[in-house]
Structure formats: C-alpha cells, structure tokens
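Trainee: Okay, handing you the structure first.
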Amino acid sequence: MTMYHGGDVVDRAQAVLDAHAVSSADGLCVACRVPGPCGRYEGAAAVFAQSLWLPRRIPGVTRPELIGARRVGFRGLLSGVG
C-alpha cells in the first residue's frame, strides 16, 4: 500500500494505466480495443498530472513483441561490467 497523500487514488490510476496501455502493434487500447489512449487511460493520466507523481512503467505492457521487438541486454557503465 502506498503511504503518501492521495496514494489510494494514485494506486487506482496506476492500475488503469497498466490495464489500458496502447498496443505497439496496432495503436489500440489493449483492454478497450479503441484507437489511441482510451478515455479511462486519459483520466488516469490526468490523476498523475495533478498529483505531480510519475506513473510506474512496466516493461512489455504495450506488447512490443507483436511488432517483432525483443529485449536486448545492455552492457555499459552502469551495469558494472566492462
């Protein structure tokens, strides 16, 4: 459970963003199947704009594998491996 002002509202908005992401493959909401961000997604995004919090991003929620995208490893300065 989130422990900050407006946490319950922000948590519910996060759940909506997770469920109503726009698919990378066809540009439709993965839950509603309407073009672009649906009204529920837009409403949840407005909650974050008003709260001054950023939503968590969940890798793969937009289903990028449907357009042939795949996750690649990163070896660089931040990974601790030369």
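Letters A, B, ... go to the chains of the structure tokens in the order shown; residues in each chain start at 1; ligands are counted from 1 in the same order.
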Tell me, as a PDB file with all heavy atoms, in the first residue's frame, which residues lie within 12 Å of segment 5-14 of chain A, counting only C-alpha atoms; anything in the same chain fewer than 2 positions away does not count.
Mentor:
ATOM      1  N   MET A   1       0.842  -1.184   0.000  1.00  0.00           N
ATOM      2  CA  MET A   1       0.000   0.000   0.000  1.00  0.00           C
ATOM      3  C   MET A   1       0.884   1.243   0.000  1.00  0.00           C
ATOM      4  O   MET A   1       1.881   1.312   0.687  1.00  0.00           O
ATOM      5  CB  MET A   1      -0.919  -0.010   1.205  1.00  0.00           C
ATOM      6  CG  MET A   1      -1.695   1.278   1.334  1.00  0.00           C
ATOM      7  SD  MET A   1      -2.981   1.201   2.547  1.00  0.00           S
ATOM      8  CE  MET A   1      -4.375   1.359   1.506  1.00  0.00           C
ATOM      9  N   THR A   2       0.482   2.226  -0.762  1.00  0.00           N
ATOM     10  CA  THR A   2       1.221   3.469  -0.867  1.00  0.00           C
ATOM     11  C   THR A   2       0.921   4.351   0.336  1.00  0.00           C
ATOM     12  O   THR A   2      -0.221   4.452   0.759  1.00  0.00           O
ATOM     13  CB  THR A   2       0.821   4.198  -2.165  1.00  0.00           C
ATOM     14  OG1 THR A   2       0.949   3.273  -3.232  1.00  0.00           O
ATOM     15  CG2 THR A   2       1.689   5.394  -2.410  1.00  0.00           C
ATOM     16  N   MET A   3       1.955   5.008   0.858  1.00  0.00           N
ATOM     17  CA  MET A   3       1.792   5.794   2.081  1.00  0.00           C
ATOM     18  C   MET A   3       2.098   7.275   1.837  1.00  0.00           C
ATOM     19  O   MET A   3       3.004   7.812   2.423  1.00  0.00           O
ATOM     20  CB  MET A   3       2.716   5.246   3.175  1.00  0.00           C
ATOM     21  CG  MET A   3       2.490   3.788   3.488  1.00  0.00           C
ATOM     22  SD  MET A   3       0.828   3.422   4.032  1.00  0.00           S
ATOM     23  CE  MET A   3       0.850   4.123   5.651  1.00  0.00           C
ATOM     24  N   VAL A  16      -5.227   1.439 -13.766  1.00  0.00           N
ATOM     25  CA  VAL A  16      -5.896   1.747 -15.036  1.00  0.00           C
ATOM     26  C   VAL A  16      -4.860   1.913 -16.142  1.00  0.00           C
ATOM     27  O   VAL A  16      -5.025   1.373 -17.250  1.00  0.00           O
ATOM     28  CB  VAL A  16      -6.779   3.008 -14.913  1.00  0.00           C
ATOM     29  CG1 VAL A  16      -7.289   3.462 -16.275  1.00  0.00           C
ATOM     30  CG2 VAL A  16      -7.935   2.752 -13.967  1.00  0.00           C
ATOM     31  N   LEU A  17      -3.771   2.634 -15.875  1.00  0.00           N
ATOM     32  CA  LEU A  17      -2.730   2.801 -16.888  1.00  0.00           C
ATOM     33  C   LEU A  17      -2.153   1.458 -17.305  1.00  0.00           C
ATOM     34  O   LEU A  17      -1.907   1.222 -18.493  1.00  0.00           O
ATOM     35  CB  LEU A  17      -1.605   3.698 -16.370  1.00  0.00           C
ATOM     36  CG  LEU A  17      -1.919   5.169 -16.167  1.00  0.00           C
ATOM     37  CD1 LEU A  17      -0.672   5.906 -15.682  1.00  0.00           C
ATOM     38  CD2 LEU A  17      -2.452   5.807 -17.428  1.00  0.00           C
ATOM     39  N   ASP A  18      -1.954   0.568 -16.354  1.00  0.00           N
ATOM     40  CA  ASP A  18      -1.407  -0.749 -16.659  1.00  0.00           C
ATOM     41  C   ASP A  18      -2.359  -1.569 -17.523  1.00  0.00           C
ATOM     42  O   ASP A  18      -1.930  -2.255 -18.447  1.00  0.00           O
ATOM     43  CB  ASP A  18      -1.113  -1.519 -15.368  1.00  0.00           C
ATOM     44  CG  ASP A  18      -0.030  -0.870 -14.527  1.00  0.00           C
ATOM     45  OD1 ASP A  18       0.707  -0.005 -15.043  1.00  0.00           O
ATOM     46  OD2 ASP A  18       0.071  -1.227 -13.328  1.00  0.00           O
ATOM     47  N   ALA A  19      -3.643  -1.491 -17.235  1.00  0.00           N
ATOM     48  CA  ALA A  19      -4.634  -2.286 -17.958  1.00  0.00           C
ATOM     49  C   ALA A  19      -4.995  -1.696 -19.321  1.00  0.00           C
ATOM     50  O   ALA A  19      -5.388  -2.433 -20.226  1.00  0.00           O
ATOM     51  CB  ALA A  19      -5.896  -2.429 -17.113  1.00  0.00           C
ATOM     52  N   HIS A  20      -4.863  -0.390 -19.476  1.00  0.00           N
ATOM     53  CA  HIS A  20      -5.327   0.278 -20.693  1.00  0.00           C
ATOM     54  C   HIS A  20      -4.184   0.891 -21.506  1.00  0.00           C
ATOM     55  O   HIS A  20      -4.360   1.928 -22.143  1.00  0.00           O
ATOM     56  CB  HIS A  20      -6.366   1.346 -20.336  1.00  0.00           C
ATOM     57  CG  HIS A  20      -7.645   0.761 -19.826  1.00  0.00           C
ATOM     58  ND1 HIS A  20      -8.707   0.471 -20.636  1.00  0.00           N
ATOM     59  CD2 HIS A  20      -8.012   0.382 -18.569  1.00  0.00           C
ATOM     60  CE1 HIS A  20      -9.685  -0.057 -19.911  1.00  0.00           C
ATOM     61  NE2 HIS A  20      -9.275  -0.119 -18.653  1.00  0.00           N
ATOM     62  N   ALA A  21      -3.051   0.237 -21.519  1.00  0.00           N
ATOM     63  CA  ALA A  21      -1.919   0.713 -22.318  1.00  0.00           C
ATOM     64  C   ALA A  21      -2.260   0.624 -23.809  1.00  0.00           C
ATOM     65  O   ALA A  21      -3.102  -0.169 -24.219  1.00  0.00           O
ATOM     66  CB  ALA A  21      -0.683  -0.128 -22.023  1.00  0.00           C
ATOM     67  N   ARG A  40     -10.500   6.088 -20.310  1.00  0.00           N
ATOM     68  CA  ARG A  40     -10.072   5.666 -18.972  1.00  0.00           C
ATOM     69  C   ARG A  40      -8.583   5.936 -18.778  1.00  0.00           C
ATOM     70  O   ARG A  40      -8.160   6.378 -17.720  1.00  0.00           O
ATOM     71  CB  ARG A  40     -10.383   4.189 -18.756  1.00  0.00           C
ATOM     72  CG  ARG A  40     -11.893   3.954 -18.714  1.00  0.00           C
ATOM     73  CD  ARG A  40     -12.273   2.637 -18.128  1.00  0.00           C
ATOM     74  NE  ARG A  40     -11.853   2.584 -16.731  1.00  0.00           N
ATOM     75  CZ  ARG A  40     -11.717   1.460 -16.051  1.00  0.00           C
ATOM     76  NH1 ARG A  40     -11.979   0.317 -16.625  1.00  0.00           N
ATOM     77  NH2 ARG A  40     -11.331   1.471 -14.794  1.00  0.00           N
ATOM     78  N   TYR A  41      -7.779   5.669 -19.818  1.00  0.00           N
ATOM     79  CA  TYR A  41      -6.341   5.933 -19.738  1.00  0.00           C
ATOM     80  C   TYR A  41      -6.090   7.424 -19.565  1.00  0.00           C
ATOM     81  O   TYR A  41      -5.288   7.838 -18.737  1.00  0.00           O
ATOM     82  CB  TYR A  41      -5.642   5.424 -21.001  1.00  0.00           C
ATOM     83  CG  TYR A  41      -4.135   5.562 -20.961  1.00  0.00           C
ATOM     84  CD1 TYR A  41      -3.338   4.497 -20.577  1.00  0.00           C
ATOM     85  CD2 TYR A  41      -3.512   6.762 -21.297  1.00  0.00           C
ATOM     86  CE1 TYR A  41      -1.964   4.610 -20.530  1.00  0.00           C
ATOM     87  CE2 TYR A  41      -2.143   6.890 -21.248  1.00  0.00           C
ATOM     88  CZ  TYR A  41      -1.361   5.807 -20.878  1.00  0.00           C
ATOM     89  OH  TYR A  41      -0.001   5.941 -20.817  1.00  0.00           O
ATOM     90  N   GLU A  42      -6.778   8.230 -20.346  1.00  0.00           N
ATOM     91  CA  GLU A  42      -6.605   9.686 -20.273  1.00  0.00           C
ATOM     92  C   GLU A  42      -6.984  10.213 -18.889  1.00  0.00           C
ATOM     93  O   GLU A  42      -6.305  11.082 -18.345  1.00  0.00           O
ATOM     94  CB  GLU A  42      -7.437  10.386 -21.353  1.00  0.00           C
ATOM     95  CG  GLU A  42      -6.955  10.127 -22.773  1.00  0.00           C
ATOM     96  CD  GLU A  42      -5.631  10.783 -23.089  1.00  0.00           C
ATOM     97  OE1 GLU A  42      -5.211  11.717 -22.371  1.00  0.00           O
ATOM     98  OE2 GLU A  42      -5.008  10.372 -24.069  1.00  0.00           O
ATOM     99  N   GLY A  43      -8.049   9.680 -18.309  1.00  0.00           N
ATOM    100  CA  GLY A  43      -8.446  10.098 -16.970  1.00  0.00           C
ATOM    101  C   GLY A  43      -7.398   9.737 -15.929  1.00  0.00           C
ATOM    102  O   GLY A  43      -7.093  10.524 -15.030  1.00  0.00           O
ATOM    103  N   ALA A  44      -6.843   8.535 -16.046  1.00  0.00           N
ATOM    104  CA  ALA A  44      -5.802   8.100 -15.114  1.00  0.00           C
ATOM    105  C   ALA A  44      -4.538   8.938 -15.287  1.00  0.00           C
ATOM    106  O   ALA A  44      -3.876   9.295 -14.303  1.00  0.00           O
ATOM    107  CB  ALA A  44      -5.491   6.624 -15.318  1.00  0.00           C
ATOM    108  N   ALA A  45      -4.209   9.285 -16.517  1.00  0.00           N
ATOM    109  CA  ALA A  45      -3.034  10.123 -16.768  1.00  0.00           C
ATOM    110  C   ALA A  45      -3.222  11.500 -16.136  1.00  0.00           C
ATOM    111  O   ALA A  45      -2.269  12.098 -15.620  1.00  0.00           O
ATOM    112  CB  ALA A  45      -2.778  10.242 -18.266  1.00  0.00           C
ATOM    113  N   ALA A  46      -4.455  12.012 -16.153  1.00  0.00           N
ATOM    114  CA  ALA A  46      -4.739  13.311 -15.543  1.00  0.00           C
ATOM    115  C   ALA A  46      -4.511  13.270 -14.032  1.00  0.00           C
ATOM    116  O   ALA A  46      -4.059  14.252 -13.441  1.00  0.00           O
ATOM    117  CB  ALA A  46      -6.174  13.740 -15.854  1.00  0.00           C
ATOM    118  N   VAL A  47      -4.800  12.123 -13.404  1.00  0.00           N
ATOM    119  CA  VAL A  47      -4.548  11.986 -11.967  1.00  0.00           C
ATOM    120  C   VAL A  47      -3.064  12.185 -11.679  1.00  0.00           C
ATOM    121  O   VAL A  47      -2.687  12.889 -10.746  1.00  0.00           O
ATOM    122  CB  VAL A  47      -5.018  10.608 -11.450  1.00  0.00           C
ATOM    123  CG1 VAL A  47      -4.513  10.335 -10.040  1.00  0.00           C
ATOM    124  CG2 VAL A  47      -6.534  10.514 -11.511  1.00  0.00           C
ATOM    125  N   PHE A  48      -2.222  11.581 -12.507  1.00  0.00           N
ATOM    126  CA  PHE A  48      -0.780  11.733 -12.300  1.00  0.00           C
ATOM    127  C   PHE A  48      -0.324  13.167 -12.558  1.00  0.00           C
ATOM    128  O   PHE A  48       0.527  13.682 -11.851  1.00  0.00           O
ATOM    129  CB  PHE A  48       0.000  10.740 -13.165  1.00  0.00           C
ATOM    130  CG  PHE A  48       0.057   9.382 -12.556  1.00  0.00           C
ATOM    131  CD1 PHE A  48      -0.847   8.417 -12.909  1.00  0.00           C
ATOM    132  CD2 PHE A  48       1.002   9.088 -11.586  1.00  0.00           C
ATOM    133  CE1 PHE A  48      -0.822   7.164 -12.323  1.00  0.00           C
ATOM    134  CE2 PHE A  48       1.043   7.839 -10.995  1.00  0.00           C
ATOM    135  CZ  PHE A  48       0.127   6.879 -11.361  1.00  0.00           C
ATOM    136  N   ALA A  49      -0.902  13.816 -13.544  1.00  0.00           N
ATOM    137  CA  ALA A  49      -0.538  15.209 -13.826  1.00  0.00           C
ATOM    138  C   ALA A  49      -0.882  16.110 -12.643  1.00  0.00           C
ATOM    139  O   ALA A  49      -0.118  17.010 -12.296  1.00  0.00           O
ATOM    140  CB  ALA A  49      -1.243  15.687 -15.091  1.00  0.00           C
ATOM    141  N   GLN A  50      -2.009  15.847 -12.013  1.00  0.00           N
ATOM    142  CA  GLN A  50      -2.439  16.671 -10.880  1.00  0.00           C
ATOM    143  C   GLN A  50      -1.696  16.327  -9.590  1.00  0.00           C
ATOM    144  O   GLN A  50      -1.532  17.174  -8.726  1.00  0.00           O
ATOM    145  CB  GLN A  50      -3.938  16.518 -10.667  1.00  0.00           C
ATOM    146  CG  GLN A  50      -4.739  17.095 -11.804  1.00  0.00           C
ATOM    147  CD  GLN A  50      -6.205  16.709 -11.740  1.00  0.00           C
ATOM    148  OE1 GLN A  50      -6.631  15.980 -10.858  1.00  0.00           O
ATOM    149  NE2 GLN A  50      -6.975  17.199 -12.697  1.00  0.00           N
ATOM    150  N   SER A  51      -1.249  15.082  -9.474  1.00  0.00           N
ATOM    151  CA  SER A  51      -0.588  14.655  -8.239  1.00  0.00           C
ATOM    152  C   SER A  51       0.900  14.985  -8.212  1.00  0.00           C
ATOM    153  O   SER A  51       1.521  14.913  -7.167  1.00  0.00           O
ATOM    154  CB  SER A  51      -0.761  13.149  -8.051  1.00  0.00           C
ATOM    155  OG  SER A  51       0.047  12.441  -8.978  1.00  0.00           O
ATOM    156  N   LEU A  52       1.454  15.312  -9.354  1.00  0.00           N
ATOM    157  CA  LEU A  52       2.887  15.573  -9.520  1.00  0.00           C
ATOM    158  C   LEU A  52       3.733  14.321  -9.269  1.00  0.00           C
ATOM    159  O   LEU A  52       4.916  14.416  -8.987  1.00  0.00           O
ATOM    160  CB  LEU A  52       3.347  16.737  -8.643  1.00  0.00           C
ATOM    161  CG  LEU A  52       2.630  18.061  -8.893  1.00  0.00           C
ATOM    162  CD1 LEU A  52       3.146  19.124  -7.932  1.00  0.00           C
ATOM    163  CD2 LEU A  52       2.781  18.506 -10.329  1.00  0.00           C
ATOM    164  N   TRP A  53       3.133  13.140  -9.353  1.00  0.00           N
ATOM    165  CA  TRP A  53       3.845  11.867  -9.282  1.00  0.00           C
ATOM    166  C   TRP A  53       3.975  11.313 -10.686  1.00  0.00           C
ATOM    167  O   TRP A  53       3.168  11.616 -11.558  1.00  0.00           O
ATOM    168  CB  TRP A  53       3.073  10.862  -8.428  1.00  0.00           C
ATOM    169  CG  TRP A  53       3.148  11.157  -6.974  1.00  0.00           C
ATOM    170  CD1 TRP A  53       2.301  11.947  -6.252  1.00  0.00           C
ATOM    171  CD2 TRP A  53       4.134  10.707  -6.060  1.00  0.00           C
ATOM    172  NE1 TRP A  53       2.693  12.012  -4.946  1.00  0.00           N
ATOM    173  CE2 TRP A  53       3.816  11.251  -4.796  1.00  0.00           C
ATOM    174  CE3 TRP A  53       5.254   9.887  -6.176  1.00  0.00           C
ATOM    175  CZ2 TRP A  53       4.577  11.002  -3.670  1.00  0.00           C
ATOM    176  CZ3 TRP A  53       5.992   9.638  -5.053  1.00  0.00           C
ATOM    177  CH2 TRP A  53       5.666  10.189  -3.817  1.00  0.00           C
ATOM    178  N   LEU A  54       4.967  10.484 -10.919  1.00  0.00           N
ATOM    179  CA  LEU A  54       5.122   9.821 -12.203  1.00  0.00           C
ATOM    180  C   LEU A  54       4.610   8.392 -12.100  1.00  0.00           C
ATOM    181  O   LEU A  54       4.823   7.720 -11.095  1.00  0.00           O
ATOM    182  CB  LEU A  54       6.597   9.779 -12.620  1.00  0.00           C
ATOM    183  CG  LEU A  54       7.238  11.113 -12.955  1.00  0.00           C
ATOM    184  CD1 LEU A  54       8.726  10.931 -13.206  1.00  0.00           C
ATOM    185  CD2 LEU A  54       6.567  11.723 -14.168  1.00  0.00           C
ATOM    186  N   PRO A  55       3.940   7.906 -13.156  1.00  0.00           N
ATOM    187  CA  PRO A  55       3.478   6.521 -13.117  1.00  0.00           C
ATOM    188  C   PRO A  55       4.657   5.553 -13.265  1.00  0.00           C
ATOM    189  O   PRO A  55       5.681   5.894 -13.850  1.00  0.00           O
ATOM    190  CB  PRO A  55       2.548   6.417 -14.326  1.00  0.00           C
ATOM    191  CG  PRO A  55       2.987   7.502 -15.242  1.00  0.00           C
ATOM    192  CD  PRO A  55       3.540   8.592 -14.374  1.00  0.00           C
ATOM    193  N   ARG A  56       4.502   4.356 -12.695  1.00  0.00           N
ATOM    194  CA  ARG A  56       5.499   3.302 -12.890  1.00  0.00           C
ATOM    195  C   ARG A  56       5.335   2.761 -14.302  1.00  0.00           C
ATOM    196  O   ARG A  56       4.219   2.656 -14.812  1.00  0.00           O
ATOM    197  CB  ARG A  56       5.273   2.153 -11.903  1.00  0.00           C
ATOM    198  CG  ARG A  56       5.580   2.506 -10.474  1.00  0.00           C
ATOM    199  CD  ARG A  56       5.387   1.300  -9.556  1.00  0.00           C
ATOM    200  NE  ARG A  56       4.140   0.574  -9.779  1.00  0.00           N
ATOM    201  CZ  ARG A  56       2.976   0.862  -9.208  1.00  0.00           C
ATOM    202  NH1 ARG A  56       2.890   1.882  -8.380  1.00  0.00           N
ATOM    203  NH2 ARG A  56       1.902   0.155  -9.467  1.00  0.00           N
ATOM    204  N   ARG A  57       6.423   2.414 -14.918  1.00  0.00           N
ATOM    205  CA  ARG A  57       6.380   1.799 -16.245  1.00  0.00           C
ATOM    206  C   ARG A  57       6.653   0.317 -16.095  1.00  0.00           C
ATOM    207  O   ARG A  57       7.565  -0.087 -15.388  1.00  0.00           O
ATOM    208  CB  ARG A  57       7.412   2.432 -17.179  1.00  0.00           C
ATOM    209  CG  ARG A  57       7.197   3.909 -17.404  1.00  0.00           C
ATOM    210  CD  ARG A  57       5.888   4.144 -18.105  1.00  0.00           C
ATOM    211  NE  ARG A  57       5.666   5.562 -18.334  1.00  0.00           N
ATOM    212  CZ  ARG A  57       4.494   6.066 -18.612  1.00  0.00           C
ATOM    213  NH1 ARG A  57       3.441   5.316 -18.680  1.00  0.00           N
ATOM    214  NH2 ARG A  57       4.362   7.346 -18.809  1.00  0.00           N
ATOM    215  N   ILE A  58       5.871  -0.500 -16.765  1.00  0.00           N
ATOM    216  CA  ILE A  58       6.044  -1.937 -16.711  1.00  0.00           C
ATOM    217  C   ILE A  58       6.486  -2.420 -18.081  1.00  0.00           C
ATOM    218  O   ILE A  58       5.741  -2.290 -19.060  1.00  0.00           O
ATOM    219  CB  ILE A  58       4.729  -2.627 -16.291  1.00  0.00           C
ATOM    220  CG1 ILE A  58       4.309  -2.125 -14.913  1.00  0.00           C
ATOM    221  CG2 ILE A  58       4.890  -4.139 -16.318  1.00  0.00           C
ATOM    222  CD1 ILE A  58       2.968  -2.614 -14.470  1.00  0.00           C
TER     223      ILE A  58
END
Trainee: Distance atom CA of Pro37 of chain A-atom CA of Val22 of chain A, one decimal place?
Mentor: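 Distance between the two atoms: 5.9 Å.
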